[in-house]
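Here's protein21.cif, which has mmCIF, C-alpha atoms:
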data_query
#
loop_
_atom_site.label_atom_id
_atom_site.label_comp_id
_atom_site.auth_asym_id
_atom_site.auth_seq_id
_atom_site.Cartn_x
_atom_site.Cartn_y
_atom_site.Cartn_z
CA MET A 1 -34.85 -87.36 310.31
CA PRO A 2 -33.67 -90.84 311.42
CA GLU A 3 -34.83 -93.89 309.54
CA SER A 4 -37.63 -95.86 311.17
CA GLY A 5 -39.41 -99.11 310.51
CA PRO A 6 -38.15 -102.29 308.86
CA PHE A 7 -39.75 -101.58 305.46
CA ILE A 8 -39.69 -98.91 302.79
CA ALA A 9 -42.60 -98.00 300.49
CA LEU A 10 -41.85 -98.15 296.77
CA THR A 11 -43.73 -97.75 293.52
CA VAL A 12 -42.64 -100.44 291.07
CA ASP A 13 -44.10 -100.31 287.57
CA GLU A 14 -46.92 -98.14 288.99
CA ARG A 15 -47.73 -100.66 291.73
CA ALA A 16 -47.31 -99.87 295.40
CA ARG A 17 -44.93 -102.29 297.11
CA ARG A 18 -43.06 -102.68 300.36
CA ALA A 19 -39.50 -103.93 300.64
CA PRO A 20 -37.17 -104.50 303.58
CA ARG A 21 -35.09 -101.46 304.39
CA GLY A 22 -31.67 -101.90 302.79
CA THR A 23 -33.08 -103.52 299.63
CA THR A 24 -30.99 -102.72 296.57
CA LEU A 25 -32.10 -102.16 293.01
CA PHE A 26 -30.56 -105.39 291.76
CA ALA A 27 -32.12 -107.39 294.58
CA LEU A 28 -35.51 -105.95 293.73
CA ARG A 29 -35.01 -106.82 290.07
CA ASP A 30 -34.00 -110.37 290.87
CA ALA A 31 -37.06 -110.81 293.07
CA LEU A 32 -39.65 -109.25 290.78
CA LYS A 33 -38.40 -109.40 287.19
CA PRO A 34 -35.23 -111.44 286.69
CA GLY A 35 -33.56 -110.54 283.42
CA ALA A 36 -34.77 -106.95 283.37
CA ASP A 37 -31.97 -104.95 281.76
CA VAL A 38 -33.37 -101.40 281.81
CA LEU A 39 -33.66 -100.25 285.42
CA VAL A 40 -35.07 -96.77 286.04
CA VAL A 41 -35.19 -95.08 289.44
CA ASN A 42 -37.04 -91.79 289.80
CA GLY A 43 -36.91 -91.20 286.04
CA PHE A 44 -33.18 -91.91 285.68
CA PRO A 45 -31.68 -95.14 284.27
CA ARG A 46 -29.31 -96.94 286.62
CA THR A 47 -26.59 -99.35 285.53
CA ALA A 48 -24.96 -99.77 288.95
CA ASP A 49 -26.63 -101.22 292.02
CA VAL A 50 -27.97 -98.70 294.54
CA GLU A 51 -29.79 -98.97 297.83
CA LEU A 52 -33.42 -97.96 297.44
CA ALA A 53 -35.05 -95.34 299.64
CA ASP A 54 -38.55 -94.78 300.92
CA GLY A 55 -40.72 -93.25 298.18
CA ASP A 56 -38.57 -94.31 295.23
CA VAL A 57 -40.31 -94.92 291.90
CA VAL A 58 -38.81 -97.88 290.03
CA ALA A 59 -39.38 -99.33 286.56
CA LEU A 60 -38.08 -102.76 285.56
CA ILE A 61 -37.93 -103.31 281.80
CA ARG A 62 -36.75 -106.18 279.61
CA ARG A 63 -35.46 -104.94 276.26
CA GLY A 64 -37.41 -106.35 273.33
CA GLU A 65 -40.28 -107.65 275.45
CA ILE A 66 -43.79 -106.36 274.72
CA PRO A 67 -45.29 -105.99 278.19
CA ALA A 68 -48.83 -106.85 279.15
CA ARG A 69 -51.30 -104.00 278.79
CA ASP A 70 -51.59 -103.54 282.55
CA GLU A 71 -47.82 -102.84 282.69
CA LEU A 72 -47.36 -100.94 279.43
CA GLU A 73 -48.59 -97.52 280.50
CA ALA A 74 -46.38 -97.49 283.59
CA LEU A 75 -43.32 -98.52 281.60
CA MET A 76 -44.00 -95.89 278.95
CA ALA A 77 -43.88 -93.25 281.68
CA ALA A 78 -40.76 -94.68 283.34
CA ARG A 79 -38.50 -91.82 282.21
CA HIS A 80 -40.90 -89.08 283.32
CA THR A 81 -40.25 -86.96 286.35
CA PRO A 82 -41.99 -88.73 289.27
CA GLY A 83 -45.47 -87.39 289.99
CA VAL A 84 -45.97 -85.80 286.58
CA HIS A 85 -47.73 -88.71 284.88
CA ALA A 86 -50.58 -88.89 287.39
CA ARG A 87 -51.38 -85.19 286.94
CA LEU A 88 -51.22 -85.36 283.15
CA LYS A 89 -53.45 -88.42 283.12
CA ARG A 90 -56.27 -86.31 284.61
CA ALA A 91 -55.84 -83.48 282.08
CA ALA A 92 -57.36 -82.66 278.69
CA ALA A 93 -55.96 -80.52 275.87
CA GLY A 94 -57.68 -79.16 272.79
CA ILE A 95 -55.85 -79.05 269.46
CA ALA A 96 -57.32 -76.45 267.07
CA GLY A 97 -55.91 -77.44 263.68
CA CYS A 98 -54.13 -80.74 262.99
CA GLY A 99 -51.49 -79.63 260.51
CA GLY A 100 -47.77 -79.10 261.08
CA LEU A 101 -48.14 -77.55 264.52
CA GLY A 102 -51.17 -79.48 265.73
CA SER A 103 -50.10 -82.95 264.64
CA ALA A 104 -46.63 -82.61 266.20
CA ALA A 105 -47.93 -81.03 269.42
CA ALA A 106 -50.60 -83.74 269.76
CA ILE A 107 -47.98 -86.46 269.40
CA ALA A 108 -45.76 -84.81 272.03
CA LEU A 109 -48.66 -84.58 274.47
CA ALA A 110 -49.65 -88.18 273.77
CA ARG A 111 -46.10 -89.34 274.46
CA VAL A 112 -46.06 -87.60 277.85
CA GLY A 113 -49.33 -89.36 278.70
CA ILE A 114 -52.01 -86.69 278.69
CA GLY A 115 -55.37 -88.19 279.54
CA ARG A 116 -57.50 -86.72 276.77
CA LEU A 117 -56.96 -84.91 273.48
CA ARG A 118 -59.69 -83.19 271.49
CA LEU A 119 -58.68 -82.83 267.83
CA VAL A 120 -60.58 -80.36 265.65
CA ASP A 121 -59.84 -79.78 261.95
CA PHE A 122 -61.92 -79.70 258.74
CA ASP A 123 -59.21 -80.64 256.24
CA VAL A 124 -57.83 -83.80 254.63
CA VAL A 125 -54.23 -84.97 254.26
CA GLU A 126 -52.69 -83.96 250.93
CA PRO A 127 -49.19 -84.48 249.49
CA SER A 128 -47.73 -81.05 250.30
CA ASN A 129 -48.58 -81.61 253.98
CA LEU A 130 -46.05 -84.41 254.25
CA ASN A 131 -43.00 -82.11 254.34
CA ARG A 132 -43.86 -81.11 257.92
CA GLN A 133 -47.03 -82.78 259.17
CA GLN A 134 -47.13 -86.05 261.12
CA PHE A 135 -48.93 -88.18 258.54
CA PHE A 136 -47.99 -90.89 256.07
CA VAL A 137 -48.30 -91.34 252.31
CA ASP A 138 -50.99 -93.99 252.70
CA GLN A 139 -53.11 -91.46 254.65
CA ILE A 140 -53.41 -88.98 251.77
CA GLY A 141 -57.05 -88.08 251.21
CA ARG A 142 -58.20 -89.01 254.70
CA PRO A 143 -59.54 -86.47 257.21
CA LYS A 144 -56.66 -85.17 259.29
CA VAL A 145 -58.47 -85.73 262.59
CA GLU A 146 -59.11 -89.36 261.66
CA ALA A 147 -55.56 -90.02 260.46
CA LEU A 148 -53.99 -88.29 263.47
CA ALA A 149 -56.20 -90.20 265.91
CA GLU A 150 -55.05 -93.43 264.27
CA ASN A 151 -51.39 -92.44 264.65
CA LEU A 152 -51.86 -91.40 268.27
CA ALA A 153 -53.47 -94.75 269.09
CA ARG A 154 -50.36 -96.50 267.78
CA ILE A 155 -48.13 -94.26 269.93
CA ASN A 156 -50.10 -94.29 273.19
CA PRO A 157 -53.31 -96.34 273.33
CA PHE A 158 -54.10 -94.98 276.80
CA VAL A 159 -54.92 -91.47 275.59
CA VAL A 160 -58.62 -90.81 275.00
CA VAL A 161 -58.82 -89.08 271.61
CA GLU A 162 -61.93 -87.15 270.61
CA THR A 163 -62.28 -85.87 267.04
CA GLU A 164 -64.45 -83.30 265.31
CA ARG A 165 -64.14 -82.63 261.59
CA ARG A 166 -65.30 -79.04 261.33
CA ARG A 167 -64.29 -75.40 261.15
CA ILE A 168 -64.27 -73.46 264.40
CA GLY A 169 -66.07 -70.12 264.53
CA ARG A 170 -66.04 -67.32 267.04
CA ASP A 171 -69.48 -68.26 268.29
CA ASP A 172 -68.78 -71.94 268.96
CA ALA A 173 -65.09 -71.98 270.00
CA ALA A 174 -65.83 -72.13 273.73
CA ALA A 175 -68.35 -74.94 273.31
CA VAL A 176 -66.06 -76.98 271.04
CA PHE A 177 -63.31 -76.98 273.68
CA ALA A 178 -65.48 -77.15 276.79
CA GLY A 179 -63.79 -79.27 279.46
CA CYS A 180 -60.26 -78.74 278.12
CA ASP A 181 -57.60 -77.55 280.57
CA VAL A 182 -55.66 -75.83 277.78
CA VAL A 183 -56.18 -75.14 274.06
CA LEU A 184 -53.43 -75.04 271.43
CA GLU A 185 -54.09 -72.77 268.44
CA CYS A 186 -52.41 -74.44 265.46
CA PHE A 187 -53.99 -72.69 262.46
CA ASP A 188 -52.38 -71.20 259.34
CA ASP A 189 -55.28 -68.85 258.59
CA PRO A 190 -55.06 -65.49 260.46
CA ARG A 191 -58.87 -65.20 260.49
CA ALA A 192 -59.22 -68.60 262.12
CA LYS A 193 -56.61 -67.60 264.71
CA ARG A 194 -58.54 -64.42 265.47
CA ASP A 195 -61.90 -66.16 265.72
CA LEU A 196 -60.58 -68.82 268.10
CA LEU A 197 -58.94 -66.21 270.33
CA LEU A 198 -62.00 -63.99 270.46
CA GLY A 199 -64.35 -66.94 270.94
CA LEU A 200 -62.39 -68.30 273.88
CA ARG A 201 -61.91 -64.87 275.43
CA ALA A 202 -65.66 -64.29 275.28
CA GLY A 203 -66.93 -67.74 276.24
CA ALA A 204 -64.12 -69.37 278.25
CA PRO A 205 -61.71 -66.65 279.46
CA ALA A 206 -60.25 -68.90 282.16
CA THR A 207 -59.07 -71.50 279.61
CA PRO A 208 -55.40 -70.95 278.74
CA LEU A 209 -54.64 -70.56 275.02
CA VAL A 210 -51.21 -71.31 273.51
CA ALA A 211 -51.07 -69.77 270.03
CA ALA A 212 -48.40 -69.55 267.33
CA SER A 213 -47.14 -66.76 265.10
CA GLY A 214 -43.98 -66.59 262.99
CA VAL A 215 -42.75 -70.15 262.42
CA ALA A 216 -42.05 -70.21 258.67
CA GLY A 217 -38.76 -70.62 256.83
CA PHE A 218 -35.44 -71.92 258.08
CA GLY A 219 -34.20 -69.05 260.20
CA THR A 220 -32.52 -69.79 263.48
CA ALA A 221 -34.58 -71.89 265.83
CA ASN A 222 -33.34 -69.69 268.67
CA SER A 223 -35.77 -66.97 267.56
CA VAL A 224 -38.74 -69.26 268.22
CA ARG A 225 -39.76 -68.56 271.79
CA VAL A 226 -42.76 -68.37 274.11
CA ARG A 227 -44.08 -65.00 275.23
CA ARG A 228 -47.16 -63.89 277.12
CA ALA A 229 -49.54 -61.91 274.90
CA MET A 230 -52.29 -61.20 277.43
CA GLU A 231 -53.93 -62.82 280.42
CA ASN A 232 -54.22 -66.57 279.81
CA VAL A 233 -52.77 -66.25 276.28
CA TRP A 234 -49.25 -67.20 275.23
CA VAL A 235 -47.75 -67.04 271.73
CA VAL A 236 -44.98 -69.23 270.30
CA GLY A 237 -42.78 -68.11 267.38
CA ASP A 238 -40.73 -65.11 266.33
CA GLY A 239 -43.87 -63.05 265.70
CA GLU A 240 -42.65 -62.04 262.23
CA THR A 241 -41.81 -64.83 259.81
CA ALA A 242 -45.07 -65.81 258.17
CA ALA A 243 -45.44 -68.17 255.22
CA ALA A 244 -45.11 -66.17 251.98
CA PRO A 245 -43.70 -66.52 248.46
CA GLY A 246 -40.07 -67.48 248.98
CA THR A 247 -40.63 -68.41 252.63
CA GLY A 248 -42.17 -71.83 253.03
CA LEU A 249 -43.22 -73.94 255.98
CA MET A 250 -40.65 -76.61 256.82
CA ALA A 251 -40.48 -79.41 259.34
CA PRO A 252 -37.60 -78.30 261.60
CA ARG A 253 -38.83 -74.83 262.57
CA VAL A 254 -42.49 -75.83 262.63
CA GLY A 255 -41.52 -78.76 264.85
CA VAL A 256 -39.61 -76.52 267.24
CA ALA A 257 -42.66 -74.30 267.60
CA ALA A 258 -45.02 -77.26 268.03
CA HIS A 259 -42.91 -78.65 270.84
CA HIS A 260 -42.74 -75.23 272.48
CA GLN A 261 -46.55 -75.26 272.40
CA ALA A 262 -46.72 -78.75 273.87
CA ASN A 263 -44.23 -77.85 276.61
CA ALA A 264 -46.16 -74.67 277.42
CA ALA A 265 -49.33 -76.78 277.71
CA LEU A 266 -47.51 -79.24 279.96
CA ARG A 267 -46.32 -76.44 282.24
CA LEU A 268 -49.80 -74.93 282.43
CA ILE A 269 -51.32 -78.29 283.37
CA LEU A 270 -48.71 -78.59 286.12
CA GLY A 271 -49.59 -75.11 287.40
CA LEU A 272 -46.44 -73.42 286.05
CA ASP A 273 -46.08 -70.30 283.94
CA PRO A 274 -44.79 -71.20 280.43
CA VAL A 275 -42.24 -68.38 280.41
CA GLU A 276 -40.88 -68.50 283.97
#

Produce structure tokens that represent the structure in this file.
Amino acid sequence: MPESGPFIALTVDERARRAPRGTTLFALRDALKPGADVLVVNGFPRTADVELADGDVVALIRRGEIPARDELEALMAARHTPGVHARLKRAAAGIAGCGGLGSAAAIALARVGIGRLRLVDFDVVEPSNLNRQQFFVDQIGRPKVEALAENLARINPFVVVETERRRIGRDDAAAVFAGCDVVLECFDDPRAKRDLLLGLRAGAPATPLVAASGVAGFGTANSVRVRRAMENVWVVGDGETAAAPGTGLMAPRVGVAAHHQANAALRLILGLDPVE
């Protein structure tokens, strides 16, 4: 299709702008933010000048500068695939259990800019958690939901974080996560896993559930994968390696599984199957 019109439409730091056709990246920088030294076009950093095209998404960043709040969220999402941030911003995810899996998955979802996270856990931070869970020494003794919410606010203040310090039962699981587009099951206790699954299947069968099974030890990370268990239920892990005497829970493999869960949730929010 031939080019038409003297202007192109751009998105610059999440603001709609027009520029004369033929405008280059460096010219745009010099006009809008002289001195910007991180230039991102459509999620990819550019070090050489390029001519901009209609529909391009551009971020102009000065290293070391703390941007104003009205610019910060856009710049945090500068490396995302164009169009993803707006869809994530409208979404909500439930995190059932804020330990090794839940705390890492929540942080990953916060970093990609999900709009709302609902954190549910009854426990407090204790020293043996710190080998794999996303907490700090000075948070020992505090409720996990409270400590994690504090950490998420430092990472991405634009995420709405809701917390409930409680156990989840079969009878109230659907109500606890009402309004969530996806729920991540991040429990250690097999009974809690079962109750959450059965509660959601009974009360909210259309809500996707991303569970975990078999993430202990230090076996190869390549065995940690996502598989479909049943309609609207996916399971991350190797399905075999549970925590047991001689097989502990450790940060690398738990982290791999947590990020598989977060990526599965991301794909579901975007209307994609986690395993295809």

TODO: Carefully work through the PyMOL selection byres ((chain A and resi 70) around 12) for this structure and note down the residues it includes, as a list in words.
DONE: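 After applying the PyMOL selection byres ((chain A and resi 70) around 12), what remains is Asp13, Glu14, Arg15, Ile66, Pro67, Ala68, Arg69, Glu71, Leu72, Glu73, Ala74, Leu75, Met76, Pro157 and Phe158 of chain A.
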
TODO: Mind giving me the straight-line distance from CA of Lys193 (chain A) to CA of Ala264 (chain A) in Å, one decimal?
DONE: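 Separating CA of Lys193 (chain A) from CA of Ala264 (chain A) is a distance of 17.9 Å.
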
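The list of residues with at least one atom within 10 Å of Phe187 (chain A), based on only C-alpha atoms and without residues fewer than 5 positions apart in the same chain, reads Ile95, Ala96, Gly97, Cys98, Gly99, Gly100, Leu101, Gly102, Asp121, Ala192, Lys193, Arg194, Leu196, Ala211, Ala212 and Ser213 of chain A.
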
- [ ] In Å, rounded to a single decimal, give me how far CA of Val254 (chain A) is from CA of Phe135 (chain A).
- [x] 14.5 Å

Task: Residue with smallest distance to Asp172 (chain A) - pool A:Ala92, A:Arg79, A:Leu197, A:Asp123, counting all atoms listed in the file - done: A:Leu197

Task: Target residues per the PyMOL selection byres ((chain A and resi 84) around 10), formatted as a ChimeraX atom specification - done: /A:77,80-83,85-89,112-114,266,269-270

TODO: Could you please determine the separation between CA of Asp49 (chain A) and CA of Arg111 (chain A) in Å, to one decimal place?
DONE: 28.8 Å

Selection result of the PyMOL selection byres ((chain A and resi 36) around 6) on this file, as a PDB file with C-alpha atoms, in the coordinates of the input:
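Generated output (part28.pdb):
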ATOM      1  CA  LYS A  33     -38.400-109.400 287.190  1.00  0.00           C
ATOM      2  CA  PRO A  34     -35.230-111.440 286.690  1.00  0.00           C
ATOM      3  CA  GLY A  35     -33.560-110.540 283.420  1.00  0.00           C
ATOM      4  CA  ASP A  37     -31.970-104.950 281.760  1.00  0.00           C
ATOM      5  CA  VAL A  38     -33.370-101.400 281.810  1.00  0.00           C
ATOM      6  CA  LEU A  60     -38.080-102.760 285.560  1.00  0.00           C
ATOM      7  CA  ILE A  61     -37.930-103.310 281.800  1.00  0.00           C
ATOM      8  CA  ARG A  62     -36.750-106.180 279.610  1.00  0.00           C
TER       9      ARG A  62
END

Have region 84-117 of chain A completed to N, CA and C atoms, please, and pass it along as a PDB file, in the coordinates of the input.
ATOM      1  N   VAL A  84     -45.418 -86.537 287.715  1.00  0.00           N
ATOM      2  CA  VAL A  84     -45.970 -85.800 286.580  1.00  0.00           C
ATOM      3  C   VAL A  84     -47.050 -86.602 285.874  1.00  0.00           C
ATOM      4  N   HIS A  85     -46.816 -87.898 285.687  1.00  0.00           N
ATOM      5  CA  HIS A  85     -47.730 -88.710 284.880  1.00  0.00           C
ATOM      6  C   HIS A  85     -49.149 -88.702 285.467  1.00  0.00           C
ATOM      7  N   ALA A  86     -49.257 -88.827 286.770  1.00  0.00           N
ATOM      8  CA  ALA A  86     -50.580 -88.890 287.390  1.00  0.00           C
ATOM      9  C   ALA A  86     -51.371 -87.604 287.151  1.00  0.00           C
ATOM     10  N   ARG A  87     -50.691 -86.467 287.167  1.00  0.00           N
ATOM     11  CA  ARG A  87     -51.380 -85.190 286.940  1.00  0.00           C
ATOM     12  C   ARG A  87     -51.771 -85.030 285.474  1.00  0.00           C
ATOM     13  N   LEU A  88     -50.894 -85.446 284.573  1.00  0.00           N
ATOM     14  CA  LEU A  88     -51.220 -85.360 283.150  1.00  0.00           C
ATOM     15  C   LEU A  88     -52.370 -86.283 282.784  1.00  0.00           C
ATOM     16  N   LYS A  89     -52.417 -87.433 283.427  1.00  0.00           N
ATOM     17  CA  LYS A  89     -53.450 -88.420 283.120  1.00  0.00           C
ATOM     18  C   LYS A  89     -54.852 -87.849 283.383  1.00  0.00           C
ATOM     19  N   ARG A  90     -54.970 -86.900 284.274  1.00  0.00           N
ATOM     20  CA  ARG A  90     -56.270 -86.310 284.610  1.00  0.00           C
ATOM     21  C   ARG A  90     -56.614 -85.110 283.721  1.00  0.00           C
ATOM     22  N   ALA A  91     -55.694 -84.720 282.824  1.00  0.00           N
ATOM     23  CA  ALA A  91     -55.840 -83.480 282.080  1.00  0.00           C
ATOM     24  C   ALA A  91     -56.342 -83.707 280.657  1.00  0.00           C
ATOM     25  N   ALA A  92     -56.882 -82.630 280.071  1.00  0.00           N
ATOM     26  CA  ALA A  92     -57.360 -82.660 278.690  1.00  0.00           C
ATOM     27  C   ALA A  92     -56.840 -81.434 277.959  1.00  0.00           C
ATOM     28  N   ALA A  93     -56.430 -81.627 276.709  1.00  0.00           N
ATOM     29  CA  ALA A  93     -55.960 -80.520 275.870  1.00  0.00           C
ATOM     30  C   ALA A  93     -56.723 -80.508 274.565  1.00  0.00           C
ATOM     31  N   GLY A  94     -57.037 -79.314 274.086  1.00  0.00           N
ATOM     32  CA  GLY A  94     -57.680 -79.160 272.790  1.00  0.00           C
ATOM     33  C   GLY A  94     -56.667 -78.752 271.747  1.00  0.00           C
ATOM     34  N   ILE A  95     -56.737 -79.364 270.565  1.00  0.00           N
ATOM     35  CA  ILE A  95     -55.850 -79.050 269.460  1.00  0.00           C
ATOM     36  C   ILE A  95     -56.702 -78.450 268.340  1.00  0.00           C
ATOM     37  N   ALA A  96     -56.549 -77.148 268.099  1.00  0.00           N
ATOM     38  CA  ALA A  96     -57.320 -76.450 267.070  1.00  0.00           C
ATOM     39  C   ALA A  96     -56.475 -76.392 265.803  1.00  0.00           C
ATOM     40  N   GLY A  97     -56.706 -77.340 264.902  1.00  0.00           N
ATOM     41  CA  GLY A  97     -55.910 -77.440 263.680  1.00  0.00           C
ATOM     42  C   GLY A  97     -54.903 -78.567 263.801  1.00  0.00           C
ATOM     43  N   CYS A  98     -54.970 -79.529 262.887  1.00  0.00           N
ATOM     44  CA  CYS A  98     -54.130 -80.740 262.990  1.00  0.00           C
ATOM     45  C   CYS A  98     -53.101 -80.815 261.875  1.00  0.00           C
ATOM     46  N   GLY A  99     -52.531 -79.667 261.521  1.00  0.00           N
ATOM     47  CA  GLY A  99     -51.490 -79.630 260.510  1.00  0.00           C
ATOM     48  C   GLY A  99     -50.110 -79.779 261.110  1.00  0.00           C
ATOM     49  N   GLY A 100     -49.153 -78.958 260.619  1.00  0.00           N
ATOM     50  CA  GLY A 100     -47.770 -79.100 261.080  1.00  0.00           C
ATOM     51  C   GLY A 100     -47.608 -78.874 262.560  1.00  0.00           C
ATOM     52  N   LEU A 101     -48.216 -77.823 263.085  1.00  0.00           N
ATOM     53  CA  LEU A 101     -48.140 -77.550 264.520  1.00  0.00           C
ATOM     54  C   LEU A 101     -48.980 -78.544 265.310  1.00  0.00           C
ATOM     55  N   GLY A 102     -50.247 -78.682 264.930  1.00  0.00           N
ATOM     56  CA  GLY A 102     -51.170 -79.480 265.730  1.00  0.00           C
ATOM     57  C   GLY A 102     -50.824 -80.943 265.773  1.00  0.00           C
ATOM     58  N   SER A 103     -50.405 -81.514 264.636  1.00  0.00           N
ATOM     59  CA  SER A 103     -50.100 -82.950 264.640  1.00  0.00           C
ATOM     60  C   SER A 103     -48.872 -83.249 265.483  1.00  0.00           C
ATOM     61  N   ALA A 104     -47.851 -82.381 265.402  1.00  0.00           N
ATOM     62  CA  ALA A 104     -46.630 -82.610 266.200  1.00  0.00           C
ATOM     63  C   ALA A 104     -46.880 -82.359 267.677  1.00  0.00           C
ATOM     64  N   ALA A 105     -47.638 -81.306 268.004  1.00  0.00           N
ATOM     65  CA  ALA A 105     -47.930 -81.030 269.420  1.00  0.00           C
ATOM     66  C   ALA A 105     -48.786 -82.133 270.022  1.00  0.00           C
ATOM     67  N   ALA A 106     -49.753 -82.654 269.257  1.00  0.00           N
ATOM     68  CA  ALA A 106     -50.600 -83.740 269.760  1.00  0.00           C
ATOM     69  C   ALA A 106     -49.768 -84.981 270.049  1.00  0.00           C
ATOM     70  N   ILE A 107     -48.828 -85.297 269.174  1.00  0.00           N
ATOM     71  CA  ILE A 107     -47.980 -86.460 269.400  1.00  0.00           C
ATOM     72  C   ILE A 107     -47.120 -86.263 270.647  1.00  0.00           C
ATOM     73  N   ALA A 108     -46.568 -85.066 270.827  1.00  0.00           N
ATOM     74  CA  ALA A 108     -45.760 -84.810 272.030  1.00  0.00           C
ATOM     75  C   ALA A 108     -46.588 -84.973 273.293  1.00  0.00           C
ATOM     76  N   LEU A 109     -47.810 -84.456 273.290  1.00  0.00           N
ATOM     77  CA  LEU A 109     -48.660 -84.580 274.470  1.00  0.00           C
ATOM     78  C   LEU A 109     -49.096 -86.025 274.698  1.00  0.00           C
ATOM     79  N   ALA A 110     -49.320 -86.759 273.612  1.00  0.00           N
ATOM     80  CA  ALA A 110     -49.650 -88.180 273.770  1.00  0.00           C
ATOM     81  C   ALA A 110     -48.477 -88.941 274.371  1.00  0.00           C
ATOM     82  N   ARG A 111     -47.278 -88.623 273.945  1.00  0.00           N
ATOM     83  CA  ARG A 111     -46.100 -89.340 274.460  1.00  0.00           C
ATOM     84  C   ARG A 111     -45.865 -89.050 275.940  1.00  0.00           C
ATOM     85  N   VAL A 112     -46.229 -87.858 276.414  1.00  0.00           N
ATOM     86  CA  VAL A 112     -46.060 -87.600 277.850  1.00  0.00           C
ATOM     87  C   VAL A 112     -47.241 -88.116 278.660  1.00  0.00           C
ATOM     88  N   GLY A 113     -48.267 -88.660 277.976  1.00  0.00           N
ATOM     89  CA  GLY A 113     -49.330 -89.360 278.700  1.00  0.00           C
ATOM     90  C   GLY A 113     -50.509 -88.518 279.112  1.00  0.00           C
ATOM     91  N   ILE A 114     -50.821 -87.462 278.345  1.00  0.00           N
ATOM     92  CA  ILE A 114     -52.010 -86.690 278.690  1.00  0.00           C
ATOM     93  C   ILE A 114     -53.239 -87.588 278.622  1.00  0.00           C
ATOM     94  N   GLY A 115     -54.213 -87.305 279.457  1.00  0.00           N
ATOM     95  CA  GLY A 115     -55.370 -88.190 279.540  1.00  0.00           C
ATOM     96  C   GLY A 115     -56.298 -88.120 278.359  1.00  0.00           C
ATOM     97  N   ARG A 116     -56.513 -86.884 277.833  1.00  0.00           N
ATOM     98  CA  ARG A 116     -57.500 -86.720 276.770  1.00  0.00           C
ATOM     99  C   ARG A 116     -57.050 -85.630 275.821  1.00  0.00           C
ATOM    100  N   LEU A 117     -57.229 -85.889 274.521  1.00  0.00           N
ATOM    101  CA  LEU A 117     -56.960 -84.910 273.480  1.00  0.00           C
ATOM    102  C   LEU A 117     -58.223 -84.721 272.640  1.00  0.00           C
TER     103      LEU A 117
END
